[in-house]
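Shown here: entry12.txt, compact mmCIF, C-alpha atoms and all ligand atoms.
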# COMPACT_ATOMS: atom_id res chain seq x y z
CA MET F 1 0.00 0.00 0.00
CA ALA F 2 2.77 2.36 1.02
CA THR F 3 4.62 1.55 -2.18
CA PHE F 4 1.46 2.19 -4.13
CA ARG F 5 1.05 5.62 -2.50
CA LEU F 6 4.65 6.44 -3.16
CA TYR F 7 4.20 5.55 -6.85
CA THR F 8 1.01 7.60 -7.04
CA LEU F 9 2.80 10.57 -5.48
CA PHE F 10 5.69 10.14 -7.88
CA PHE F 11 3.27 9.90 -10.80
CA LEU F 12 1.35 13.04 -9.78
CA CYS F 13 4.59 14.95 -9.28
CA SER F 14 5.81 14.00 -12.75
CA VAL F 15 2.50 14.98 -14.33
CA PHE F 16 2.68 18.33 -12.51
CA PHE F 17 6.29 18.87 -13.49
CA PHE F 18 5.63 17.85 -17.11
CA SER F 19 2.66 20.19 -17.42
CA LEU F 20 4.71 23.01 -15.93
CA GLN F 21 7.39 22.26 -18.48
CA SER F 22 5.04 22.16 -21.47
CA HIS F 23 3.32 25.35 -20.29
CA SER F 24 6.65 27.04 -20.12
CA GLU F 25 7.47 25.99 -23.70
CA GLU F 26 7.41 29.24 -25.58
CA ASP F 27 5.02 29.81 -28.44
CA THR F 28 7.34 30.81 -31.26
CA PRO F 29 7.51 30.06 -35.00
CA ILE F 30 10.00 27.29 -34.19
CA THR F 31 7.85 25.65 -31.50
CA ARG F 32 4.80 25.90 -33.77
CA PHE F 33 6.84 24.17 -36.51
CA GLN F 34 7.85 21.47 -34.00
CA ARG F 35 4.24 20.95 -32.93
CA TYR F 36 3.17 20.48 -36.55
CA LEU F 37 6.04 18.05 -37.14
CA ARG F 38 5.08 15.94 -34.12
CA ILE F 39 1.76 15.03 -35.75
CA ASN F 40 2.32 11.71 -37.47
CA THR F 41 0.92 12.00 -40.99
CA ALA F 42 3.09 9.25 -42.47
CA HIS F 43 1.67 6.60 -44.76
CA PRO F 44 0.21 4.01 -44.67
CA ASN F 45 -2.07 5.48 -41.95
CA PRO F 46 -1.70 9.24 -41.99
CA ASN F 47 -3.57 11.13 -39.28
CA TYR F 48 -5.39 13.91 -41.15
CA THR F 49 -7.62 15.10 -38.31
CA ALA F 50 -4.91 16.39 -35.99
CA PRO F 51 -2.98 18.52 -38.51
CA ILE F 52 -6.19 20.08 -39.79
CA SER F 53 -7.35 21.07 -36.31
CA PHE F 54 -3.85 22.46 -35.58
CA LEU F 55 -3.89 24.51 -38.79
CA VAL F 56 -7.48 25.69 -38.30
CA ASP F 57 -6.53 26.97 -34.82
CA GLN F 58 -3.56 28.85 -36.26
CA ALA F 59 -5.63 30.25 -39.12
CA ARG F 60 -8.43 31.44 -36.84
CA SER F 61 -5.96 33.24 -34.61
CA LEU F 62 -4.84 35.09 -37.75
CA GLY F 63 -8.37 35.92 -38.84
CA LEU F 64 -8.25 33.78 -41.99
CA THR F 65 -11.36 32.01 -43.23
CA THR F 66 -11.17 28.24 -43.22
CA ARG F 67 -12.88 25.58 -45.30
CA THR F 68 -12.48 21.83 -45.13
CA ILE F 69 -13.53 19.64 -48.07
CA GLU F 70 -13.62 15.87 -48.31
CA PHE F 71 -13.69 14.50 -51.85
CA VAL F 72 -13.00 11.04 -50.41
CA LYS F 73 -14.16 10.16 -46.92
CA GLY F 74 -11.40 10.40 -44.34
CA LYS F 75 -9.12 12.35 -46.70
CA PRO F 76 -9.87 16.00 -46.01
CA LEU F 77 -8.20 19.02 -47.50
CA LEU F 78 -8.09 22.47 -45.98
CA ILE F 79 -8.29 25.87 -47.68
CA LEU F 80 -7.44 29.07 -45.81
CA THR F 81 -8.22 32.44 -47.29
CA TRP F 82 -6.94 35.95 -46.68
CA LEU F 83 -9.34 38.20 -48.53
CA GLY F 84 -7.88 40.86 -50.77
CA SER F 85 -9.27 44.34 -51.33
CA ASN F 86 -10.07 43.41 -54.95
CA PRO F 87 -11.28 39.82 -54.75
CA LYS F 88 -12.29 39.91 -58.43
CA LEU F 89 -8.66 39.69 -59.52
CA PRO F 90 -7.25 36.17 -59.99
CA SER F 91 -5.95 34.89 -56.67
CA ILE F 92 -2.62 33.51 -55.48
CA LEU F 93 -2.51 29.96 -54.13
CA PHE F 94 0.15 28.54 -51.81
CA ASN F 95 -0.07 24.77 -51.64
CA SER F 96 1.47 22.10 -49.43
CA HIS F 97 0.61 18.50 -48.63
CA LEU F 98 -0.37 17.13 -45.24
CA ASP F 99 1.01 13.61 -45.62
CA SER F 100 4.53 12.27 -45.58
CA VAL F 101 6.33 9.05 -46.44
CA PRO F 102 7.02 6.55 -43.64
CA ALA F 103 10.23 6.64 -41.59
CA GLU F 104 12.37 3.74 -40.33
CA ALA F 105 12.71 4.99 -36.76
CA ASP F 106 15.61 2.69 -35.81
CA LYS F 107 17.79 4.25 -38.52
CA TRP F 108 17.32 7.78 -37.19
CA LEU F 109 19.51 9.72 -34.74
CA HIS F 110 16.36 11.12 -33.09
CA PRO F 111 12.82 9.71 -33.26
CA PRO F 112 11.24 10.89 -36.55
CA PHE F 113 8.17 12.40 -34.87
CA SER F 114 9.97 14.04 -31.94
CA ALA F 115 11.02 17.18 -33.85
CA HIS F 116 14.12 17.16 -31.67
CA ARG F 117 16.18 20.35 -31.93
CA THR F 118 19.92 19.94 -31.51
CA ASP F 119 22.24 22.51 -29.94
CA ASP F 120 23.30 23.65 -33.39
CA GLY F 121 19.68 24.19 -34.41
CA ARG F 122 18.87 21.13 -36.53
CA ILE F 123 15.24 20.10 -36.21
CA TYR F 124 14.92 16.39 -36.96
CA ALA F 125 11.57 15.08 -38.19
CA ARG F 126 9.91 13.26 -41.06
CA GLY F 127 8.40 16.07 -43.07
CA ALA F 128 10.88 18.74 -41.90
CA GLN F 129 11.83 19.35 -45.56
CA ASP F 130 9.00 17.57 -47.36
CA ASP F 131 6.98 19.63 -46.87
CA LYS F 132 5.73 20.68 -43.43
CA CYS F 133 8.24 23.54 -43.36
CA ILE F 134 6.40 25.44 -46.08
CA GLY F 135 2.98 24.65 -44.56
CA VAL F 136 4.00 26.52 -41.40
CA GLN F 137 6.10 29.19 -43.13
CA TYR F 138 3.10 30.33 -45.20
CA LEU F 139 1.16 31.01 -41.99
CA GLU F 140 4.07 32.64 -40.17
CA ALA F 141 4.64 34.94 -43.14
CA ILE F 142 0.96 35.94 -43.16
CA LYS F 143 1.14 36.55 -39.41
CA ASN F 144 4.12 38.89 -39.82
CA LEU F 145 2.56 40.73 -42.75
CA LYS F 146 -0.65 41.22 -40.78
CA SER F 147 1.21 42.51 -37.76
CA ARG F 148 2.83 45.12 -40.00
CA GLY F 149 -0.59 46.24 -41.22
CA PHE F 150 -0.19 44.87 -44.76
CA SER F 151 -3.34 43.99 -46.64
CA PRO F 152 -3.39 42.15 -49.97
CA LEU F 153 -5.01 43.38 -53.17
CA ARG F 154 -5.68 39.86 -54.44
CA ASN F 155 -7.10 36.99 -52.44
CA VAL F 156 -4.41 34.79 -50.95
CA HIS F 157 -5.35 31.11 -50.52
CA VAL F 158 -3.34 28.49 -48.67
CA SER F 159 -4.22 24.84 -49.33
CA TYR F 160 -3.25 21.72 -47.38
CA VAL F 161 -3.96 18.55 -49.33
CA PRO F 162 -3.84 14.82 -48.48
CA GLU F 163 -2.32 11.88 -50.37
CA GLU F 164 0.40 13.68 -52.37
CA GLU F 165 2.97 11.04 -51.51
CA ILE F 166 0.84 8.29 -53.04
CA GLY F 167 -0.04 10.13 -56.25
CA GLY F 168 -2.56 12.75 -55.13
CA PHE F 169 -5.44 10.82 -56.75
CA ASP F 170 -7.79 11.33 -53.77
CA GLY F 171 -6.35 14.79 -53.06
CA MET F 172 -5.12 17.39 -55.53
CA GLU F 173 -6.20 15.50 -58.64
CA MET F 174 -9.84 15.72 -57.51
CA PHE F 175 -9.48 19.21 -56.05
CA ALA F 176 -7.97 20.69 -59.24
CA VAL F 177 -10.98 19.73 -61.37
CA SER F 178 -13.60 20.63 -58.73
CA SER F 179 -16.00 23.55 -58.70
CA GLU F 180 -14.44 24.56 -55.36
CA PHE F 181 -11.09 25.05 -57.08
CA LYS F 182 -12.67 26.96 -59.93
CA GLU F 183 -14.33 29.32 -57.44
CA LEU F 184 -10.89 30.24 -56.08
CA ASN F 185 -10.07 31.76 -59.50
CA VAL F 186 -6.38 30.98 -59.12
CA GLY F 187 -4.03 33.04 -61.28
CA PHE F 188 -0.73 31.77 -59.94
CA THR F 189 0.43 29.02 -57.60
CA ILE F 190 3.46 28.26 -55.48
CA ASP F 191 3.90 24.60 -54.52
CA GLU F 192 6.73 22.63 -52.90
CA GLY F 193 10.28 22.56 -54.25
CA GLN F 194 13.50 21.07 -52.91
CA ALA F 195 16.46 21.98 -50.75
CA SER F 196 19.63 23.41 -52.24
CA ARG F 197 23.09 22.33 -51.09
CA GLY F 198 24.52 25.67 -52.18
CA ASP F 199 23.52 29.22 -51.44
CA GLU F 200 21.10 29.68 -54.36
CA TYR F 201 17.41 28.83 -54.03
CA ARG F 202 16.12 26.16 -56.40
CA VAL F 203 12.95 26.72 -58.36
CA PHE F 204 11.05 24.26 -60.55
CA TYR F 205 8.88 25.12 -63.57
CA GLY F 206 7.92 21.65 -64.76
CA GLU F 207 8.11 17.94 -64.03
CA ARG F 208 8.87 14.77 -65.95
CA THR F 209 5.97 12.55 -66.96
CA PRO F 210 6.24 8.78 -66.50
CA TRP F 211 5.15 6.42 -69.28
CA SER F 212 5.34 2.64 -69.52
CA LEU F 213 6.07 1.08 -72.91
CA ASP F 214 5.59 -2.58 -73.83
CA ILE F 215 6.84 -3.78 -77.19
CA ARG F 216 6.05 -7.17 -78.69
CA ALA F 217 7.42 -9.05 -81.68
CA GLU F 218 5.78 -12.04 -83.32
CA GLY F 219 7.17 -14.53 -85.81
CA ILE F 220 6.97 -18.13 -86.85
CA PRO F 221 8.43 -20.59 -84.36
CA GLY F 222 11.17 -22.94 -85.48
CA HIS F 223 13.59 -25.69 -84.52
CA GLY F 224 16.52 -24.43 -82.46
CA ALA F 225 18.95 -25.48 -85.14
CA LYS F 226 17.22 -23.71 -88.00
CA LEU F 227 18.36 -20.35 -89.41
CA TYR F 228 15.61 -18.18 -90.79
CA ASP F 229 14.68 -14.50 -91.10
CA ASN F 230 12.13 -12.45 -89.15
CA GLY F 231 12.00 -14.58 -86.02
CA ALA F 232 10.33 -12.95 -83.03
CA THR F 233 13.48 -12.61 -80.91
CA GLU F 234 15.54 -11.35 -83.82
CA ASN F 235 13.00 -8.62 -84.49
CA LEU F 236 12.72 -7.70 -80.83
CA MET F 237 16.51 -7.53 -80.41
CA LYS F 238 16.77 -5.05 -83.30
CA SER F 239 14.42 -2.78 -81.34
CA VAL F 240 16.22 -3.35 -78.08
CA GLU F 241 19.47 -2.24 -79.75
CA LEU F 242 17.87 0.86 -81.27
CA ILE F 243 16.37 1.84 -77.92
CA ALA F 244 19.71 1.25 -76.17
CA LYS F 245 21.37 3.59 -78.69
CA PHE F 246 18.77 6.28 -78.07
CA ARG F 247 19.24 5.86 -74.32
CA GLU F 248 22.98 6.31 -74.78
CA THR F 249 22.64 9.57 -76.74
CA GLN F 250 20.39 10.97 -73.99
CA PHE F 251 22.67 9.84 -71.20
CA ASP F 252 25.75 11.21 -73.03
CA MET F 253 24.22 14.70 -72.89
CA VAL F 254 24.04 14.42 -69.10
CA LYS F 255 27.56 13.00 -68.85
CA ALA F 256 28.90 15.84 -71.02
CA GLY F 257 27.14 18.41 -68.83
CA LYS F 258 24.98 19.60 -71.76
CA ALA F 259 21.69 18.80 -70.02
CA ALA F 260 20.44 18.19 -66.53
CA TYR F 261 19.29 14.71 -65.66
CA SER F 262 15.67 15.85 -65.55
CA GLU F 263 15.84 17.55 -68.97
CA ILE F 264 16.50 14.42 -71.02
CA ILE F 265 14.24 11.51 -71.92
CA SER F 266 15.18 8.50 -69.83
CA ILE F 267 14.25 5.06 -71.10
CA ASN F 268 15.24 2.00 -69.11
CA PRO F 269 14.44 -1.67 -69.74
CA VAL F 270 12.38 -3.20 -66.93
CA TYR F 271 11.72 -6.67 -68.37
CA LEU F 272 12.56 -8.99 -71.24
CA LYS F 273 10.46 -12.03 -72.00
CA ALA F 274 10.83 -14.73 -74.67
CA GLY F 275 11.04 -18.48 -75.08
CA THR F 276 11.03 -21.39 -72.68
CA PRO F 277 14.03 -21.73 -70.34
CA SER F 278 16.01 -24.98 -70.18
CA THR F 279 15.11 -27.32 -67.34
CA ASN F 280 17.28 -30.03 -65.74
CA GLY F 281 19.87 -29.63 -68.46
CA PHE F 282 17.27 -30.32 -71.14
CA VAL F 283 17.43 -27.61 -73.79
CA MET F 284 14.16 -26.55 -75.40
CA ASN F 285 14.98 -26.87 -79.09
CA MET F 286 12.51 -24.22 -80.10
CA GLN F 287 12.77 -20.61 -81.19
CA PRO F 288 9.77 -18.75 -79.71
CA SER F 289 6.97 -17.14 -81.67
CA VAL F 290 6.62 -14.18 -79.28
CA ALA F 291 9.21 -11.90 -77.68
CA GLU F 292 8.48 -8.91 -75.44
CA ALA F 293 10.26 -6.09 -73.62
CA GLY F 294 9.06 -3.40 -71.22
CA TYR F 295 10.45 0.07 -70.59
CA ASP F 296 10.13 2.81 -68.01
CA ILE F 297 10.16 6.16 -69.75
CA ARG F 298 10.36 9.65 -68.19
CA LEU F 299 9.58 12.50 -70.52
CA PRO F 300 10.55 16.09 -69.69
CA PRO F 301 7.78 18.62 -70.38
CA MET F 302 9.53 19.97 -73.48
CA ALA F 303 9.46 16.55 -75.15
CA ASP F 304 6.84 16.43 -77.88
CA PRO F 305 4.74 13.31 -77.23
CA ASP F 306 3.71 13.06 -80.90
CA VAL F 307 7.31 13.04 -82.14
CA PHE F 308 8.16 10.43 -79.52
CA LYS F 309 5.22 8.21 -80.47
CA LYS F 310 6.23 8.45 -84.14
CA ARG F 311 9.68 7.12 -83.22
CA ILE F 312 8.10 4.12 -81.47
CA ASP F 313 5.78 3.55 -84.40
CA GLU F 314 8.40 3.74 -87.12
CA GLU F 315 11.63 2.58 -85.47
CA TRP F 316 11.10 0.75 -82.20
CA ALA F 317 7.99 -1.28 -82.88
CA PRO F 318 7.23 -1.09 -86.61
CA SER F 319 4.61 -3.37 -88.04
CA ILE F 320 7.03 -4.11 -90.88
CA ARG F 321 9.02 -6.20 -88.37
CA ASN F 322 5.83 -7.87 -87.07
CA MET F 323 5.84 -5.67 -84.00
CA SER F 324 3.16 -4.06 -81.90
CA TYR F 325 3.25 -1.94 -78.74
CA SER F 326 1.19 -0.38 -75.99
CA ILE F 327 1.88 2.74 -73.96
CA LEU F 328 0.54 3.50 -70.50
CA GLU F 329 0.66 7.28 -70.16
CA ARG F 330 0.86 7.93 -66.44
CA GLY F 331 0.41 11.67 -66.92
CA LYS F 332 -0.27 14.18 -69.64
CA LEU F 333 2.28 16.13 -71.66
CA LYS F 334 -0.16 18.58 -73.21
CA ASP F 335 -3.07 20.48 -71.71
CA HIS F 336 -6.58 20.71 -73.18
CA LEU F 337 -5.41 23.47 -75.52
CA GLY F 338 -2.52 21.37 -76.79
CA ARG F 339 0.13 23.37 -74.92
CA LEU F 340 3.12 21.67 -73.29
CA ILE F 341 2.64 21.53 -69.52
CA MET F 342 5.32 23.81 -68.11
CA THR F 343 5.38 27.27 -66.60
CA SER F 344 7.09 30.09 -68.51
CA ILE F 345 10.17 31.47 -66.88
CA ASP F 346 10.68 34.54 -69.01
CA ASP F 347 9.17 37.99 -69.44
CA SER F 348 6.02 36.53 -71.01
CA ASN F 349 5.03 35.45 -67.51
CA PRO F 350 4.76 38.52 -65.23
CA TRP F 351 4.39 36.30 -62.17
CA TRP F 352 7.87 34.94 -62.80
CA SER F 353 9.53 38.39 -62.68
CA ILE F 354 7.58 39.39 -59.56
CA PHE F 355 8.52 36.15 -57.84
CA LYS F 356 12.20 36.49 -58.79
CA GLN F 357 12.41 40.09 -57.61
CA ALA F 358 10.65 39.23 -54.35
CA VAL F 359 13.23 36.53 -53.57
CA GLU F 360 16.09 38.86 -54.51
CA ALA F 361 14.66 41.61 -52.29
CA THR F 362 15.48 39.38 -49.29
CA GLY F 363 19.12 39.11 -50.37
CA GLY F 364 18.50 35.68 -51.92
CA LYS F 365 19.59 34.40 -55.32
CA LEU F 366 17.75 31.96 -57.55
CA ALA F 367 19.59 29.11 -59.24
CA LYS F 368 18.85 28.31 -62.90
CA PRO F 369 15.21 27.12 -62.96
CA GLU F 370 14.87 23.36 -63.19
CA ILE F 371 12.60 20.54 -64.24
CA LEU F 372 11.83 18.31 -61.27
CA ALA F 373 12.98 14.73 -61.87
CA SER F 374 10.06 13.32 -59.85
CA THR F 375 6.41 14.38 -59.70
CA THR F 376 4.36 16.50 -57.29
CA ASP F 377 0.78 17.78 -57.11
CA ALA F 378 1.85 20.83 -59.15
CA ARG F 379 1.19 18.86 -62.34
CA TYR F 380 -2.56 18.83 -61.71
CA ILE F 381 -2.65 22.62 -61.48
CA ARG F 382 -0.31 23.19 -64.45
CA THR F 383 -2.57 20.94 -66.54
CA LEU F 384 -5.34 23.54 -66.01
CA GLY F 385 -3.15 26.19 -67.64
CA VAL F 386 -2.38 27.89 -64.32
CA PRO F 387 1.32 28.77 -63.89
CA VAL F 388 2.98 27.00 -60.95
CA LEU F 389 6.47 27.34 -59.49
CA GLY F 390 7.87 24.69 -57.15
CA PHE F 391 9.77 26.44 -54.39
CA SER F 392 10.82 25.56 -50.85
CA PRO F 393 13.23 28.17 -49.45
CA MET F 394 16.01 25.94 -48.10
CA ILE F 395 19.61 26.84 -48.95
CA ASN F 396 22.86 25.37 -47.58
CA THR F 397 20.84 22.28 -46.70
CA PRO F 398 21.45 18.64 -47.65
CA ILE F 399 18.62 17.12 -49.73
CA LEU F 400 16.94 14.68 -47.35
CA VAL F 401 13.52 14.16 -48.93
CA HIS F 402 12.30 10.64 -48.06
CA ASP F 403 15.73 9.93 -46.47
CA HIS F 404 16.71 8.93 -42.92
CA ASN F 405 17.43 11.82 -40.51
CA GLU F 406 15.47 14.43 -42.45
CA PHE F 407 16.14 17.77 -40.79
CA LEU F 408 15.95 21.51 -41.31
CA LYS F 409 18.00 24.11 -39.48
CA ASP F 410 16.08 26.63 -37.41
CA THR F 411 17.90 29.56 -39.04
CA VAL F 412 17.00 28.29 -42.53
CA PHE F 413 13.38 27.85 -41.45
CA MET F 414 13.26 31.41 -40.06
CA LYS F 415 14.86 32.89 -43.18
CA GLY F 416 12.24 31.05 -45.25
CA ILE F 417 9.46 32.93 -43.44
CA GLU F 418 11.07 36.23 -44.43
CA VAL F 419 11.31 35.05 -48.06
CA TYR F 420 7.60 34.14 -48.13
CA GLU F 421 6.68 37.49 -46.58
CA SER F 422 8.35 39.16 -49.52
CA ILE F 423 6.75 36.75 -52.04
CA ILE F 424 3.21 37.01 -50.63
CA ASN F 425 3.52 40.78 -50.38
CA ALA F 426 4.69 41.17 -54.00
CA LEU F 427 2.39 38.63 -55.68
CA SER F 428 -0.76 39.66 -53.85
CA SER F 429 -0.10 43.34 -54.63
CA PHE F 430 0.29 42.77 -58.37
CA GLU F 431 -2.26 44.95 -60.15
CA GLY F 432 -1.90 44.17 -63.83
CA GLY F 433 -1.60 41.18 -66.02
CA SER F 434 -4.10 39.14 -67.91
CA ASP F 435 -6.21 36.66 -66.03
CA GLN F 436 -4.41 33.44 -66.79
CA VAL F 437 -0.85 33.69 -67.97
CA ASN F 438 1.02 30.48 -68.49
ZN ZN W 1 6.48 16.66 -50.93

Re-express the file's structure as structure tokens.
Amino acid sequence: MATFRLYTLFFLCSVFFFSLQSHSEEDTPITRFQRYLRINTAHPNPNYTAPISFLVDQARSLGLTTRTIEFVKGKPLLILTWLGSNPKLPSILFNSHLDSVPAEADKWLHPPFSAHRTDDGRIYARGAQDDKCIGVQYLEAIKNLKSRGFSPLRNVHVSYVPEEEIGGFDGMEMFAVSSEFKELNVGFTIDEGQASRGDEYRVFYGERTPWSLDIRAEGIPGHGAKLYDNGATENLMKSVELIAKFRETQFDMVKAGKAAYSEIISINPVYLKAGTPSTNGFVMNMQPSVAEAGYDIRLPPMADPDVFKKRIDEEWAPSIRNMSYSILERGKLKDHLGRLIMTSIDDSNPWWSIFKQAVEATGGKLAKPEILASTTDARYIRTLGVPVLGFSPMINTPILVHDHNEFLKDTVFMKGIEVYESIINALSSFEGGSDQVN
């Protein structure tokens, strides 16, 4: 009994001490970032309720309007709005995703959902770079702008979407084509980007599109000892060689430094299938009648899909060599008006110049704009003809997306808030321009 009482006393004391400690934790941009990071939104079971209630609380304290939409049950998305003085002008949208990839906790220096901050300011957490940093920075920037009495001309929307890490099919893909999205009248969007190891910010104006290609050759079967023309494997191997040559010319451009990895067409064999393998030392004396190969293709946005298909049709799988093919297009390369899906990064796009100047006004420098090698939700918005830049203000930072020990330094996080203040200020004050400039 006495032991029990002692334990109870000890327990109560620790609860009291702990609550004192958590009460004394300051409420700063960094601690708010840590609180957001501690919510486990990793797949396969992301918690979407907790981050939304956290963000709604923050948004309400800033006087932003909030709206939650569920296109698929249990997969909500949140839209925050800061009304501009001329809400008829096309709005600015700042997007981030709520979910993250899983983390192998035993491979981390600090638990991935602890948001532990080291003495030198590194904040360790899954999502620290991808992309919970920007989700909080948007709000902190708005908070600072409000406290300085700034008010936007255009509406500023901030969206938090689910399921990006598993393709965005139940998130941004549905949102982008919804009436709710249309109502926002978005003229320009900023979505996530990636960290930069150097001291120039990276910015992305397009993404590569994945395709799967299956080619198939048919021919008459024959005895293993017979020599004859137009066999299935012979015809397939001709194509395999041609494709390998094309792959080499693309890869050579990267090796020679003439193109970035994400600017070339990559085509890699993923399977080869033909014939019947030998069993127990018994050789199948038969040349097969069908031979197949499969390829993973990544097309940069400047690649013309029609030219590429013509190459497959005429060189890689021509009917003249008894070949056929099928393509699974896992994304579009042209929008409904037939335009290539990438955002202009020249004077034809006024948003680009405003964005660039706003970053430079904070003492920052932009690196040469890039195509992202992977895909993000930005593609769904670009497909609508709305210009999108991928940007996460992280310089002098190792790229740790989806890696162990993902972290962001507190100073980099704080500088990012200042950069967004400048960006939100400039973009939302923009008076001119046509409605939808791509
Ligand atoms: Zn991401």

Next on the checklist: Given the point (1.6, 8.6, -42.2) in the coordinates of this file, which residues lie within 7 Å, counting all atoms listed in the file, and how would they look as a list in words?
Outcome noted: Asn40, Thr41, Ala42, His43, Pro44, Asn45, Pro46, Asn47, Asp99, Ser100, Val101 and Pro102 of chain F

Next on the checklist: Using only C-alpha atoms and all ligand atoms, which residues have at least one atom no more than 7 Å from ligand ZN 1 (chain W)? Output them as a list in words.
Outcome noted: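 With only C-alpha atoms and all ligand atoms and a cut-off of 7 Å, ligand ZN 1 (chain W) is contacted by His97, Asp130, Asp131, Glu164, Glu165, Glu192 and Thr376 of chain F.
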
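Across F:Gly416, F:Ser212, F:Thr279, F:Val254, the tightest approach to F:Gly294 is made by F:Ser212 when counting all atoms listed in the file.
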
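Using all atoms listed in the file, the shortest contact distance between F:Gln58 and any of F:Tyr228, F:Tyr138, F:Phe71, F:Trp352 is found at F:Tyr138.
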
Item to check | Separation of atom CA of F:Lys309 from atom CA of F:Glu248, in Å and rounded to one decimal | outcome: 18.7 Å

Next on the checklist: Residues within 7 Å of stretch 76-88 of chain F, please, as number ranges by chain. Count all atoms listed in the file; anything in the same chain fewer than 2 positions from it doesn't count.
Outcome noted: F: 48, 52, 64-70, 74, 90, 151-162

Checklist entry - What is the distance between atom CA of F:Phe175 and atom CA of F:Gln34, in Å to one decimal? => result 28.1 Å

Checklist entry - So what do you get for atom CA of F:Asp377 versus atom CA of F:Gly390, distance-wise? => result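 Atom CA of F:Gly390 lies 9.9 Å from atom CA of F:Asp377.
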
Next on the checklist: Could you check the closest approach to F:Thr209 for each of F:Val388, F:Val72, F:Ala260, F:Ile267 and tell me which residue wins, using all atoms listed in the file?
Outcome noted: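 Counting all atoms listed in the file, the residue closest to F:Thr209 is F:Ile267.
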
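Residues in contact with F:Ala225 at up to 8 Å, not including ones fewer than 2 positions away on its chain and judged by only C-alpha atoms, are His223, Leu227 and Asn285 of chain F.
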
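The closest residue to F:Gly171, picked from F:Leu89, F:Ala378, F:Ile327, F:Met342 and counting only C-alpha atoms, is F:Ala378.
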
Item to check | Answer as an MDAnalysis selection string, residues within 10 Å of (14.0, 16.9, -42.0) using all atoms listed in the file | outcome: chainID F and resid 37 112 115 122:133 397:409

Item to check | For F:Leu299, the nearest of the candidates F:Thr189, F:Asn280, F:Thr233, F:Ser266, counting all atoms listed in the file | outcome: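 Using all atoms listed in the file, the shortest distance to F:Leu299 belongs to F:Ser266.
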
Next on the checklist: Under the rule that all atoms listed in the file are counted, which of F:Ala317, F:Ile243, F:Leu328, F:Ile190 is the nearest residue to F:Phe355?
Outcome noted: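 With all atoms listed in the file as the atom set, the closest residue is F:Ile190.
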